[in-house]
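Engineer: One file is attached below, final-v4.txt, containing compact mmCIF, C-alpha atoms.
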```
# COMPACT_ATOMS: atom_id res chain seq x y z
CA MET A 1 14.46 33.13 -15.00
CA ALA A 2 15.32 33.06 -18.73
CA GLY A 3 16.95 29.74 -19.50
CA ALA A 4 15.83 28.11 -16.28
CA PRO A 5 14.71 24.51 -16.85
CA HIS A 6 10.98 23.95 -16.89
CA ALA A 7 8.49 21.57 -18.45
CA GLY A 8 7.10 23.01 -21.66
CA GLY A 9 3.47 24.03 -22.30
CA GLY A 10 1.02 21.15 -22.25
CA LEU A 11 3.67 18.71 -21.15
CA GLU A 12 3.92 16.93 -17.83
CA VAL A 13 6.72 15.64 -15.65
CA VAL A 14 7.44 12.29 -14.12
CA TYR A 15 10.11 11.77 -11.50
CA GLY A 16 11.96 8.95 -9.84
CA ARG A 17 14.26 6.28 -11.28
CA ARG A 18 11.67 3.61 -12.08
CA PRO A 19 8.87 5.95 -13.21
CA VAL A 20 11.23 7.63 -15.69
CA ALA A 21 12.64 4.28 -16.87
CA GLU A 22 9.11 2.92 -17.43
CA ALA A 23 8.05 6.12 -19.22
CA ARG A 24 10.95 5.59 -21.63
CA ARG A 25 9.75 2.12 -22.57
CA GLY A 26 6.06 3.04 -22.31
CA ARG A 27 3.46 4.67 -24.54
CA ARG A 28 4.21 8.36 -24.26
CA GLN A 29 7.08 10.38 -25.59
CA VAL A 30 9.83 11.44 -23.22
CA HIS A 31 11.14 14.81 -24.37
CA ARG A 32 13.90 15.54 -21.87
CA VAL A 33 15.46 13.98 -18.82
CA TRP A 34 17.20 15.99 -16.11
CA THR A 35 19.53 14.33 -13.62
CA ARG A 36 21.98 15.43 -10.96
CA ASP A 37 24.55 15.75 -13.76
CA GLU A 38 22.71 18.85 -14.99
CA LEU A 39 20.80 20.20 -12.00
CA ASP A 40 21.12 20.34 -8.24
CA ASP A 41 18.60 18.70 -5.93
CA GLY A 42 16.72 21.94 -5.29
CA GLU A 43 16.14 22.51 -9.00
CA LEU A 44 15.07 18.89 -9.50
CA THR A 45 12.66 19.25 -6.57
CA ARG A 46 11.21 22.40 -8.09
CA LEU A 47 10.73 20.71 -11.48
CA ALA A 48 9.27 17.55 -9.94
CA GLY A 49 7.10 19.40 -7.45
CA SER A 50 8.33 16.86 -4.90
CA PRO A 51 11.56 15.97 -3.11
CA ASP A 52 11.02 12.27 -3.98
CA HIS A 53 12.68 12.52 -7.40
CA GLN A 54 15.71 10.30 -6.65
CA GLY A 55 17.78 12.56 -8.87
CA VAL A 56 15.77 12.01 -12.08
CA VAL A 57 13.00 14.15 -13.60
CA ALA A 58 11.62 13.84 -17.12
CA GLU A 59 9.44 16.00 -19.34
CA VAL A 60 6.84 13.80 -21.00
CA ASP A 61 3.69 13.98 -23.10
CA PRO A 62 0.42 14.21 -21.15
CA TYR A 63 -0.70 10.91 -19.67
CA PRO A 64 -2.42 8.87 -22.42
CA TYR A 65 -5.71 7.86 -20.84
CA ALA A 66 -7.28 4.75 -22.33
CA ASP A 67 -10.61 4.36 -24.10
CA PRO A 68 -13.02 3.30 -21.32
CA GLY A 69 -15.01 1.25 -23.81
CA SER A 70 -12.04 -0.97 -24.58
CA LEU A 71 -11.35 -2.42 -21.15
CA VAL A 72 -13.82 -5.29 -20.78
CA GLY A 73 -13.41 -6.72 -24.25
CA ALA A 74 -11.39 -9.80 -23.38
CA ASP A 75 -13.15 -12.95 -22.11
CA ASP A 76 -11.03 -12.82 -18.94
CA ALA A 77 -10.99 -9.02 -18.56
CA LEU A 78 -10.21 -7.76 -15.07
CA VAL A 79 -10.87 -4.08 -14.41
CA LEU A 80 -10.62 -2.13 -11.16
CA ALA A 81 -13.12 0.73 -10.94
CA LEU A 82 -12.33 3.31 -8.25
CA ASP A 83 -15.24 5.31 -6.86
CA GLY A 84 -13.45 8.44 -5.70
CA VAL A 85 -9.97 7.52 -4.52
CA GLN A 86 -8.54 10.92 -3.59
CA ASP A 87 -4.91 10.25 -2.75
CA PRO A 88 -2.60 9.98 -5.80
CA ARG A 89 -0.33 7.65 -3.79
CA ASN A 90 -3.22 5.25 -3.25
CA LEU A 91 -4.20 5.51 -6.91
CA GLY A 92 -0.62 4.79 -7.93
CA ALA A 93 -0.31 1.88 -5.51
CA ILE A 94 -3.55 0.38 -6.85
CA CYS A 95 -2.30 0.73 -10.43
CA ARG A 96 0.98 -0.99 -9.51
CA SER A 97 -0.84 -3.95 -7.97
CA ALA A 98 -3.36 -4.07 -10.83
CA GLU A 99 -0.58 -4.17 -13.42
CA ALA A 100 1.25 -6.86 -11.47
CA ALA A 101 -1.98 -8.89 -11.33
CA GLY A 102 -2.22 -8.67 -15.12
CA ALA A 103 -5.37 -6.55 -14.99
CA SER A 104 -6.89 -5.14 -18.18
CA GLY A 105 -7.11 -1.65 -16.71
CA VAL A 106 -8.32 0.80 -14.11
CA VAL A 107 -11.29 3.15 -14.41
CA ILE A 108 -11.53 6.40 -12.46
CA PRO A 109 -14.12 9.18 -12.49
CA THR A 110 -13.11 12.45 -14.14
CA ARG A 111 -14.20 14.43 -11.09
CA ARG A 112 -13.67 13.92 -7.34
CA SER A 113 -10.83 11.48 -7.94
CA ALA A 114 -7.07 11.59 -7.97
CA ALA A 115 -5.69 11.60 -11.51
CA ILE A 116 -2.51 10.13 -13.00
CA THR A 117 -0.20 12.87 -11.77
CA ALA A 118 3.54 12.62 -11.28
CA ALA A 119 2.89 11.54 -7.68
CA ALA A 120 0.64 8.72 -8.87
CA CYS A 121 3.25 7.65 -11.45
CA LYS A 122 5.86 7.54 -8.69
CA ALA A 123 3.65 5.48 -6.35
CA SER A 124 2.92 3.08 -9.22
CA ALA A 125 6.68 2.54 -9.84
CA GLY A 126 5.91 3.41 -13.45
CA ALA A 127 3.22 0.73 -13.87
CA VAL A 128 0.79 3.35 -15.21
CA GLU A 129 2.97 3.66 -18.34
CA HIS A 130 1.87 0.14 -19.32
CA LEU A 131 -1.51 -0.30 -17.60
CA PRO A 132 -4.53 1.23 -19.36
CA VAL A 133 -6.19 3.81 -17.11
CA ALA A 134 -9.44 5.33 -18.34
CA ARG A 135 -11.42 8.31 -17.04
CA VAL A 136 -15.19 8.37 -17.22
CA PRO A 137 -17.59 11.24 -16.50
CA ASN A 138 -20.12 8.90 -14.88
CA LEU A 139 -18.97 5.72 -13.17
CA GLU A 140 -22.49 4.27 -12.72
CA ARG A 141 -23.11 4.55 -16.44
CA TRP A 142 -19.76 2.92 -17.24
CA LEU A 143 -20.61 0.02 -14.91
CA ALA A 144 -23.96 -0.42 -16.65
CA GLY A 145 -22.17 -0.59 -20.00
CA ALA A 146 -19.64 -3.10 -18.68
CA LYS A 147 -22.53 -5.32 -17.54
CA ASP A 148 -24.10 -5.02 -20.98
CA ASP A 149 -20.76 -6.21 -22.35
CA GLY A 150 -20.92 -9.34 -20.20
CA ALA A 151 -18.90 -8.30 -17.17
CA TRP A 152 -19.81 -9.20 -13.61
CA VAL A 153 -19.47 -6.27 -11.25
CA TYR A 154 -18.33 -6.93 -7.67
CA GLY A 155 -18.35 -4.10 -5.15
CA ALA A 156 -16.13 -4.13 -2.07
CA ASP A 157 -18.28 -3.43 0.98
CA ALA A 158 -17.05 -4.13 4.51
CA ALA A 159 -20.62 -4.88 5.61
CA ALA A 160 -21.45 -7.41 2.88
CA PRO A 161 -22.34 -10.90 4.13
CA GLU A 162 -20.66 -12.59 1.12
CA ARG A 163 -16.93 -13.13 1.49
CA TYR A 164 -14.79 -12.23 -1.50
CA THR A 165 -13.30 -15.73 -1.48
CA ASP A 166 -16.75 -17.27 -1.93
CA ALA A 167 -17.53 -15.26 -5.06
CA ASP A 168 -16.95 -16.81 -8.49
CA LEU A 169 -14.49 -14.42 -10.06
CA SER A 170 -14.16 -16.11 -13.45
CA GLY A 171 -14.97 -14.45 -16.77
CA ARG A 172 -15.12 -10.69 -17.28
CA VAL A 173 -14.80 -9.10 -13.84
CA VAL A 174 -15.02 -5.52 -12.62
CA LEU A 175 -13.98 -4.88 -9.01
CA VAL A 176 -15.36 -1.63 -7.59
CA LEU A 177 -13.73 0.08 -4.62
CA GLY A 178 -14.85 3.18 -2.77
CA GLY A 179 -12.75 6.16 -1.77
CA GLU A 180 -10.60 6.28 1.34
CA GLY A 181 -12.74 5.71 4.43
CA LYS A 182 -15.97 6.31 2.53
CA GLY A 183 -16.94 3.08 0.84
CA LEU A 184 -19.13 2.95 -2.24
CA ARG A 185 -21.69 5.60 -2.98
CA ARG A 186 -25.24 4.25 -3.02
CA LEU A 187 -25.80 4.64 -6.76
CA VAL A 188 -22.55 2.81 -7.48
CA SER A 189 -23.33 0.12 -4.94
CA GLU A 190 -26.70 -0.48 -6.58
CA ARG A 191 -25.00 -1.11 -9.92
CA CYS A 192 -23.02 -4.03 -8.53
CA ASP A 193 -24.10 -7.62 -9.20
CA LEU A 194 -22.71 -8.65 -5.82
CA LEU A 195 -21.19 -6.92 -2.82
CA VAL A 196 -18.32 -8.76 -1.18
CA SER A 197 -16.39 -8.22 2.04
CA ILE A 198 -12.88 -9.04 3.18
CA PRO A 199 -13.10 -10.60 6.66
CA LEU A 200 -11.08 -8.55 9.12
CA GLY A 201 -9.59 -9.36 12.50
CA GLY A 202 -7.89 -6.90 14.78
CA ARG A 203 -9.21 -3.80 16.49
CA VAL A 204 -8.83 -1.11 13.88
CA GLY A 205 -11.12 -2.93 11.50
CA SER A 206 -10.22 -1.32 8.21
CA LEU A 207 -7.90 -1.79 5.28
CA ASN A 208 -6.23 0.82 3.17
CA VAL A 209 -8.08 1.02 -0.16
CA SER A 210 -4.95 -0.06 -2.04
CA ALA A 211 -4.57 -3.07 0.28
CA ALA A 212 -8.20 -4.04 -0.36
CA ALA A 213 -7.77 -3.62 -4.12
CA THR A 214 -4.61 -5.74 -4.04
CA ILE A 215 -6.29 -8.55 -2.08
CA LEU A 216 -9.27 -8.67 -4.44
CA ALA A 217 -7.18 -8.51 -7.63
CA PHE A 218 -4.92 -11.34 -6.49
CA GLU A 219 -7.90 -13.44 -5.44
CA VAL A 220 -9.01 -13.22 -9.07
CA VAL A 221 -5.53 -14.39 -10.13
CA ARG A 222 -5.65 -17.21 -7.59
CA GLN A 223 -9.06 -18.44 -8.68
CA ARG A 224 -7.99 -18.40 -12.31
CA GLY A 225 -4.85 -20.35 -11.48
CA ALA A 226 -2.88 -17.99 -13.68
CA MET B 1 10.98 29.96 22.73
CA ALA B 2 9.94 29.74 26.41
CA GLY B 3 6.41 28.41 26.58
CA ALA B 4 6.39 27.20 22.99
CA PRO B 5 4.68 23.84 22.66
CA HIS B 6 7.02 20.89 22.29
CA ALA B 7 7.07 17.19 23.10
CA GLY B 8 8.84 16.59 26.42
CA GLY B 9 12.10 14.75 26.95
CA GLY B 10 11.93 11.05 26.07
CA LEU B 11 8.40 11.37 24.75
CA GLU B 12 7.27 10.95 21.15
CA VAL B 13 4.53 12.41 19.00
CA VAL B 14 1.84 10.85 16.89
CA TYR B 15 -0.23 12.85 14.43
CA GLY B 16 -3.36 12.46 12.40
CA ARG B 17 -6.96 11.87 13.43
CA ARG B 18 -6.98 8.07 13.46
CA PRO B 19 -3.45 7.58 14.81
CA VAL B 20 -4.22 9.86 17.77
CA ALA B 21 -7.62 8.23 18.36
CA GLU B 22 -6.03 4.74 18.34
CA ALA B 23 -3.22 5.91 20.64
CA ARG B 24 -5.88 7.04 23.14
CA ARG B 25 -7.46 3.57 23.22
CA GLY B 26 -4.11 1.75 22.88
CA ARG B 27 -1.31 0.67 25.19
CA ARG B 28 0.69 3.84 25.71
CA GLN B 29 -0.12 6.95 27.66
CA VAL B 30 -1.21 10.05 25.77
CA HIS B 31 0.04 13.08 27.70
CA ARG B 32 -1.23 15.97 25.63
CA VAL B 33 -3.20 16.57 22.47
CA TRP B 34 -2.88 19.71 20.37
CA THR B 35 -5.48 20.64 17.80
CA ARG B 36 -6.29 23.65 15.63
CA ASP B 37 -8.17 25.05 18.64
CA GLU B 38 -4.80 25.71 20.31
CA LEU B 39 -2.27 25.97 17.52
CA ASP B 40 -2.10 27.05 13.92
CA ASP B 41 -1.20 24.66 11.11
CA GLY B 42 2.43 25.76 11.01
CA GLU B 43 2.92 25.01 14.69
CA LEU B 44 1.19 21.64 14.35
CA THR B 45 3.43 20.84 11.36
CA ARG B 46 6.52 21.75 13.38
CA LEU B 47 5.41 19.55 16.30
CA ALA B 48 4.44 16.64 14.02
CA GLY B 49 7.49 16.98 11.81
CA SER B 50 5.09 16.55 8.89
CA PRO B 51 2.26 18.49 7.23
CA ASP B 52 0.06 15.35 7.27
CA HIS B 53 -1.25 15.96 10.79
CA GLN B 54 -4.91 16.62 9.86
CA GLY B 55 -5.03 19.17 12.66
CA VAL B 56 -4.24 16.76 15.51
CA VAL B 57 -0.89 16.07 17.21
CA ALA B 58 -0.38 14.17 20.47
CA GLU B 59 2.50 13.77 22.88
CA VAL B 60 2.76 10.12 23.86
CA ASP B 61 5.00 7.65 25.68
CA PRO B 62 7.68 5.99 23.53
CA TYR B 63 6.36 3.20 21.33
CA PRO B 64 6.00 0.04 23.47
CA TYR B 65 7.83 -2.60 21.44
CA ALA B 66 6.71 -6.15 22.16
CA ASP B 67 8.74 -9.05 23.53
CA PRO B 68 9.97 -10.87 20.41
CA GLY B 69 9.85 -14.19 22.29
CA SER B 70 6.10 -13.87 22.81
CA LEU B 71 4.89 -13.70 19.23
CA VAL B 72 4.74 -17.34 18.08
CA GLY B 73 3.19 -18.77 21.24
CA ALA B 74 -0.31 -19.37 19.91
CA ASP B 75 -1.07 -22.53 17.89
CA ASP B 76 -2.26 -20.36 15.00
CA ALA B 77 0.32 -17.58 15.40
CA LEU B 78 0.89 -15.46 12.30
CA VAL B 79 3.94 -13.20 12.34
CA LEU B 80 5.36 -10.99 9.60
CA ALA B 81 9.14 -10.64 9.75
CA LEU B 82 10.55 -7.74 7.71
CA ASP B 83 14.13 -8.04 6.53
CA GLY B 84 15.07 -4.40 6.16
CA VAL B 85 12.00 -2.43 5.12
CA GLN B 86 13.37 1.13 5.02
CA ASP B 87 10.34 3.31 4.35
CA PRO B 88 8.25 4.08 7.45
CA ARG B 89 5.17 4.39 5.22
CA ASN B 90 5.66 0.85 3.96
CA LEU B 91 6.25 -0.38 7.51
CA GLY B 92 3.08 1.36 8.65
CA ALA B 93 1.06 0.01 5.72
CA ILE B 94 2.27 -3.53 6.46
CA CYS B 95 1.32 -3.15 10.12
CA ARG B 96 -2.16 -1.94 9.14
CA SER B 97 -2.74 -4.96 6.91
CA ALA B 98 -1.22 -7.34 9.47
CA GLU B 99 -3.50 -6.03 12.20
CA ALA B 100 -6.53 -6.28 9.91
CA ALA B 101 -5.55 -9.89 9.10
CA GLY B 102 -5.54 -10.67 12.83
CA ALA B 103 -1.77 -11.29 12.87
CA SER B 104 0.03 -11.97 16.14
CA GLY B 105 2.66 -9.38 15.39
CA VAL B 106 5.44 -7.97 13.26
CA VAL B 107 9.19 -8.40 13.79
CA ILE B 108 11.72 -5.88 12.51
CA PRO B 109 15.50 -5.70 12.88
CA THR B 110 16.87 -3.06 15.25
CA ARG B 111 19.27 -1.79 12.58
CA ARG B 112 18.83 -1.02 8.87
CA SER B 113 15.07 -0.93 9.18
CA ALA B 114 12.40 1.70 9.53
CA ALA B 115 11.13 1.94 13.12
CA ILE B 116 7.69 2.77 14.52
CA THR B 117 7.98 6.52 14.08
CA ALA B 118 5.14 9.01 13.86
CA ALA B 119 5.17 8.54 10.05
CA ALA B 120 4.77 4.77 10.47
CA CYS B 121 1.93 5.29 12.98
CA LYS B 122 0.19 7.55 10.47
CA ALA B 123 0.57 5.08 7.60
CA SER B 124 -0.77 2.32 9.85
CA ALA B 125 -3.91 4.37 10.64
CA GLY B 126 -3.05 3.72 14.29
CA ALA B 127 -2.97 -0.09 13.94
CA VAL B 128 0.48 -0.18 15.58
CA GLU B 129 -1.14 0.90 18.85
CA HIS B 130 -2.82 -2.53 19.02
CA LEU B 131 -0.53 -4.79 16.98
CA PRO B 132 2.56 -6.15 18.77
CA VAL B 133 5.71 -5.00 16.95
CA ALA B 134 9.03 -6.41 18.21
CA ARG B 135 12.58 -5.39 17.38
CA VAL B 136 15.35 -7.96 17.26
CA PRO B 137 19.12 -7.44 16.94
CA ASN B 138 19.49 -10.47 14.66
CA LEU B 139 16.62 -11.58 12.45
CA GLU B 140 18.21 -14.91 11.43
CA ARG B 141 18.56 -15.89 15.08
CA TRP B 142 14.96 -14.91 15.80
CA LEU B 143 13.77 -17.05 12.87
CA ALA B 144 15.77 -20.01 14.20
CA GLY B 145 14.10 -19.58 17.58
CA ALA B 146 10.66 -19.34 15.98
CA LYS B 147 11.32 -22.64 14.19
CA ASP B 148 12.38 -24.21 17.49
CA ASP B 149 9.02 -23.04 18.85
CA GLY B 150 7.18 -24.91 16.10
CA ALA B 151 6.68 -22.17 13.52
CA TRP B 152 7.02 -22.72 9.77
CA VAL B 153 8.96 -19.95 8.13
CA TYR B 154 7.95 -18.91 4.59
CA GLY B 155 10.11 -16.43 2.70
CA ALA B 156 8.73 -14.31 -0.14
CA ASP B 157 11.02 -14.68 -3.16
CA ALA B 158 9.93 -13.62 -6.63
CA ALA B 159 12.10 -16.37 -8.16
CA ALA B 160 10.75 -19.26 -6.04
CA PRO B 161 9.09 -22.05 -8.06
CA GLU B 162 6.49 -22.72 -5.32
CA ARG B 163 3.43 -20.49 -5.51
CA TYR B 164 2.26 -18.98 -2.21
CA THR B 165 -1.21 -20.40 -2.82
CA ASP B 166 0.21 -23.95 -2.97
CA ALA B 167 1.91 -23.69 0.42
CA ASP B 168 0.15 -25.09 3.51
CA LEU B 169 -0.13 -22.02 5.73
CA SER B 170 -1.81 -23.69 8.71
CA GLY B 171 -0.33 -23.75 12.21
CA ARG B 172 2.30 -21.31 13.47
CA VAL B 173 3.43 -19.29 10.46
CA VAL B 174 6.12 -16.67 9.97
CA LEU B 175 6.09 -14.78 6.67
CA VAL B 176 9.43 -13.15 5.82
CA LEU B 177 9.65 -10.23 3.39
CA GLY B 178 12.74 -8.44 2.13
CA GLY B 179 13.32 -4.70 1.94
CA GLU B 180 12.09 -2.52 -0.91
CA GLY B 181 13.50 -3.78 -4.20
CA LYS B 182 16.11 -5.94 -2.50
CA GLY B 183 14.46 -9.22 -1.59
CA LEU B 184 15.70 -11.41 1.22
CA ARG B 185 19.34 -11.45 2.27
CA ARG B 186 20.99 -14.83 1.75
CA LEU B 187 21.36 -15.70 5.42
CA VAL B 188 17.70 -14.91 6.02
CA SER B 189 16.62 -16.83 2.92
CA GLU B 190 18.53 -19.89 4.15
CA ARG B 191 16.60 -19.85 7.41
CA CYS B 192 13.27 -20.26 5.63
CA ASP B 193 11.55 -23.64 5.48
CA LEU B 194 10.12 -22.74 2.07
CA LEU B 195 10.43 -19.87 -0.37
CA VAL B 196 7.22 -18.88 -2.12
CA SER B 197 6.45 -16.54 -5.00
CA ILE B 198 3.43 -14.49 -5.99
CA PRO B 199 2.80 -15.04 -9.74
CA LEU B 200 2.93 -11.71 -11.54
CA GLY B 201 1.57 -10.58 -14.86
CA GLY B 202 2.20 -7.25 -16.48
CA ARG B 203 5.42 -5.63 -17.63
CA VAL B 204 6.76 -3.99 -14.47
CA GLY B 205 6.98 -7.32 -12.72
CA SER B 206 7.17 -6.25 -9.12
CA LEU B 207 4.93 -5.58 -6.18
CA ASN B 208 5.34 -3.02 -3.44
CA VAL B 209 6.54 -4.82 -0.30
CA SER B 210 3.38 -3.83 1.57
CA ALA B 211 1.23 -5.22 -1.26
CA ALA B 212 3.16 -8.52 -1.13
CA ALA B 213 2.83 -8.68 2.66
CA THR B 214 -0.90 -7.99 2.40
CA ILE B 215 -1.45 -10.71 -0.22
CA LEU B 216 0.45 -13.30 1.82
CA ALA B 217 -1.21 -12.42 5.14
CA PHE B 218 -4.70 -12.62 3.63
CA GLU B 219 -3.89 -15.93 1.95
CA VAL B 220 -3.22 -17.25 5.45
CA VAL B 221 -6.61 -15.91 6.53
CA ARG B 222 -8.27 -17.46 3.47
CA GLN B 223 -6.71 -20.88 4.01
CA ARG B 224 -7.75 -20.86 7.64
CA GLY B 225 -11.29 -19.92 6.70
CA ALA B 226 -11.29 -17.33 9.49
```
So that I can check it, write out the structure of this file as structure tokens.
Structural biologist:
Amino acid sequence: MAGAPHAGGGLEVVYGRRPVAEARRGRRQVHRVWTRDELDDGELTRLAGSPDHQGVVAEVDPYPYADPGSLVGADDALVLALDGVQDPRNLGAICRSAEAAGASGVVIPTRRSAAITAAACKASAGAVEHLPVARVPNLERWLAGAKDDGAWVYGADAAAPERYTDADLSGRVVLVLGGEGKGLRRLVSERCDLLVSIPLGGRVGSLNVSAAATILAFEVVRQRGA
Amino acid sequence: MAGAPHAGGGLEVVYGRRPVAEARRGRRQVHRVWTRDELDDGELTRLAGSPDHQGVVAEVDPYPYADPGSLVGADDALVLALDGVQDPRNLGAICRSAEAAGASGVVIPTRRSAAITAAACKASAGAVEHLPVARVPNLERWLAGAKDDGAWVYGADAAAPERYTDADLSGRVVLVLGGEGKGLRRLVSERCDLLVSIPLGGRVGSLNVSAAATILAFEVVRQRGA
């Protein structure tokens, strides 16, 4: 295997046309890019760890997680806090919507959560290269700190009597969403100033967590008339 | 291979816990269900055509597409028309959100579009078993007919000056979305009564098509106060 292409020690890969393009104009260094000019699809798939590379794989610095203390500083800060989203595609999709909504950042727990892997970068269409994403060892404690800093914390809970559209989402806002199919853990739920629900029709009666996050983030945008 | 499990001629499969559960309480007959009690993971993966089966694969009747003429009958009909969404996961995600929004149905073109495959069923969490999904040979013509039936047709266009939140989304509404990264084709765009945009912040400047569909569908719900 001497000479075979591989990502160097400590480095990561991103794959896909838009993720690689956004990495190049983002915050971390791109060391090498492999395309179909240099490698065949099988080798690109092996490097990417996925067949979804669209013919482009890059070797990049590790993902630059943000300082969790920095996210609610602005008067109109909007942060999405994810209580155990497990699927990197959902995490990436949430980050893409959050970035498009102009959010200040996303907070995820260090443990029992998907991280910003190459699959999450791909699902975010590269949005994670621009959006601050912070990891925290204890989400309840981070929420308490955000409240001390003047943020209002709204938890998404399908059983809450208050509709999300009736909540006042001005000022510093943190939106908290539970993991896929699980909802918020009790200790996280108790940290919220208000629990809000998205009214659902239909028979299945549930939304994908990234759909719920998108609806809530764009309701903030709507209320602010941005 | 005699005796090896396989889906019978003309039948389809669905896989995953929720998709199979929703198929059982939905509109099409479920002929057989295979689980890890009968088969190992490799055999389930072969039957499902995907490793995402969660240990459950079912043999079902072909997907029962809806009559496209039936979808805008109700005074408050809400239909999502998809102009060439190619990824079955996006199609499934849109159907899940549409069903949760209480939509009347989804319309897709027969050609150059993802269909309701097992992957779409999985991404919809089984919502397609309850939501009417119709296929039409010519989307422009279907939109013209919907307008004749009293529907207002709103096309999602990132460049439109009118914000989606400023549009009056009461009455019979059709929301038209373009394929991934492509937007609406010109002939489809010209059929719309109004083009609307979702204001975007951030640097990537685009939404996933299922995120856009979700935002628009839930704005209809919000305006109707349902």
Engineer: In Å, how much C-alpha RMSD is there between chain A and chain B after the fit, with all atoms paired in order?
Structural biologist: 0.0 Å
Engineer: Between B:Lys147, B:His31, B:His130, B:Arg163, single out the one closest to B:Gly102, counting all atoms listed in the file.
Structural biologist: B:His130
Engineer: Only residues of chain B matter here; which ones have an atom within 9 Å of chain A, counting only C-alpha atoms? Give them as a ChimeraX atom specification.
Structural biologist: /B:22,93,96-103,124-127,130-131,165,198-208,210-212,214-215,218-219,221-222,226
Engineer: Residues as selected, C-alpha atoms, written as a JSON list (two decimals), keeping the file's coordinate frame, can you do that?
Structural biologist:
```json
[["chain", "number", "residue", "atom", "x", "y", "z"],
["B", 22, "GLU", "CA", -6.03, 4.74, 18.34],
["B", 93, "ALA", "CA", 1.06, 0.01, 5.72],
["B", 96, "ARG", "CA", -2.16, -1.94, 9.14],
["B", 97, "SER", "CA", -2.74, -4.96, 6.91],
["B", 98, "ALA", "CA", -1.22, -7.34, 9.47],
["B", 99, "GLU", "CA", -3.50, -6.03, 12.20],
["B", 100, "ALA", "CA", -6.53, -6.28, 9.91],
["B", 101, "ALA", "CA", -5.55, -9.89, 9.10],
["B", 102, "GLY", "CA", -5.54, -10.67, 12.83],
["B", 103, "ALA", "CA", -1.77, -11.29, 12.87],
["B", 124, "SER", "CA", -0.77, 2.32, 9.85],
["B", 125, "ALA", "CA", -3.91, 4.37, 10.64],
["B", 126, "GLY", "CA", -3.05, 3.72, 14.29],
["B", 127, "ALA", "CA", -2.97, -0.09, 13.94],
["B", 130, "HIS", "CA", -2.82, -2.53, 19.02],
["B", 131, "LEU", "CA", -0.53, -4.79, 16.98],
["B", 165, "THR", "CA", -1.21, -20.40, -2.82],
["B", 198, "ILE", "CA", 3.43, -14.49, -5.99],
["B", 199, "PRO", "CA", 2.80, -15.04, -9.74],
["B", 200, "LEU", "CA", 2.93, -11.71, -11.54],
["B", 201, "GLY", "CA", 1.57, -10.58, -14.86],
["B", 202, "GLY", "CA", 2.20, -7.25, -16.48],
["B", 203, "ARG", "CA", 5.42, -5.63, -17.63],
["B", 204, "VAL", "CA", 6.76, -3.99, -14.47],
["B", 205, "GLY", "CA", 6.98, -7.32, -12.72],
["B", 206, "SER", "CA", 7.17, -6.25, -9.12],
["B", 207, "LEU", "CA", 4.93, -5.58, -6.18],
["B", 208, "ASN", "CA", 5.34, -3.02, -3.44],
["B", 210, "SER", "CA", 3.38, -3.83, 1.57],
["B", 211, "ALA", "CA", 1.23, -5.22, -1.26],
["B", 212, "ALA", "CA", 3.16, -8.52, -1.13],
["B", 214, "THR", "CA", -0.90, -7.99, 2.40],
["B", 215, "ILE", "CA", -1.45, -10.71, -0.22],
["B", 218, "PHE", "CA", -4.70, -12.62, 3.63],
["B", 219, "GLU", "CA", -3.89, -15.93, 1.95],
["B", 221, "VAL", "CA", -6.61, -15.91, 6.53],
["B", 222, "ARG", "CA", -8.27, -17.46, 3.47],
["B", 226, "ALA", "CA", -11.29, -17.33, 9.49]]
```
Engineer: Neighbouring residues of A:Leu47 were defined as those with any atom within 12 Å, considering only C-alpha atoms; residues of the same chain fewer than 2 positions away were excluded. Please report them as a PyMOL selection string.
Structural biologist: chain A and resi 4-8+12-16+33-35+39-45+49-53+55-59+118
Engineer: Would you please work out which residue, of B:Cys95, B:Val30, B:Leu143, B:Cys121, is nearest to B:Pro68 when using all atoms listed in the file?
Structural biologist: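 So, comparing all the options, the nearest one is B:Leu143.
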Engineer: Which value, in Å to one decimal, gives the distance between atom CA of A:Ala119 and atom CA of B:Ile108?
Structural biologist: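 Separating atom CA of A:Ala119 from atom CA of B:Ile108 is a distance of 28.1 Å.
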Engineer: Please indicate the distance in Å from atom CA of B:Val196 to atom CA of B:Gly171, rounded to one decimal place.
Structural biologist: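 So the two atoms, atom CA of B:Val196 and atom CA of B:Gly171, lie 16.9 Å apart.
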Engineer: State, in Å with one decimal place, the distance from atom CA of A:Ala115 to atom CA of A:Pro88.
Structural biologist: 6.7 Å
Engineer: As JSON, please: the centre and edge lengths in Å, to one decimal, of an axis-aligned box enclosing every listed atom of stretch 75-82 of chain A with 3 Å added on each side.
Structural biologist:
```
{"center_x": -11.7, "center_y": -4.8, "center_z": -15.2, "size_x": 8.9, "size_y": 22.3, "size_z": 19.9}
```
Engineer: In terms of the shortest atom-to-atom distance over all atoms listed in the file, which of B:Asp168, B:Asp37, B:Asp193, B:Asp75 is closest to B:Gly155?
Structural biologist: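 Checking each of B:Asp168, B:Asp37, B:Asp193, B:Asp75 against B:Gly155, counting all atoms listed in the file, the winner is B:Asp193.
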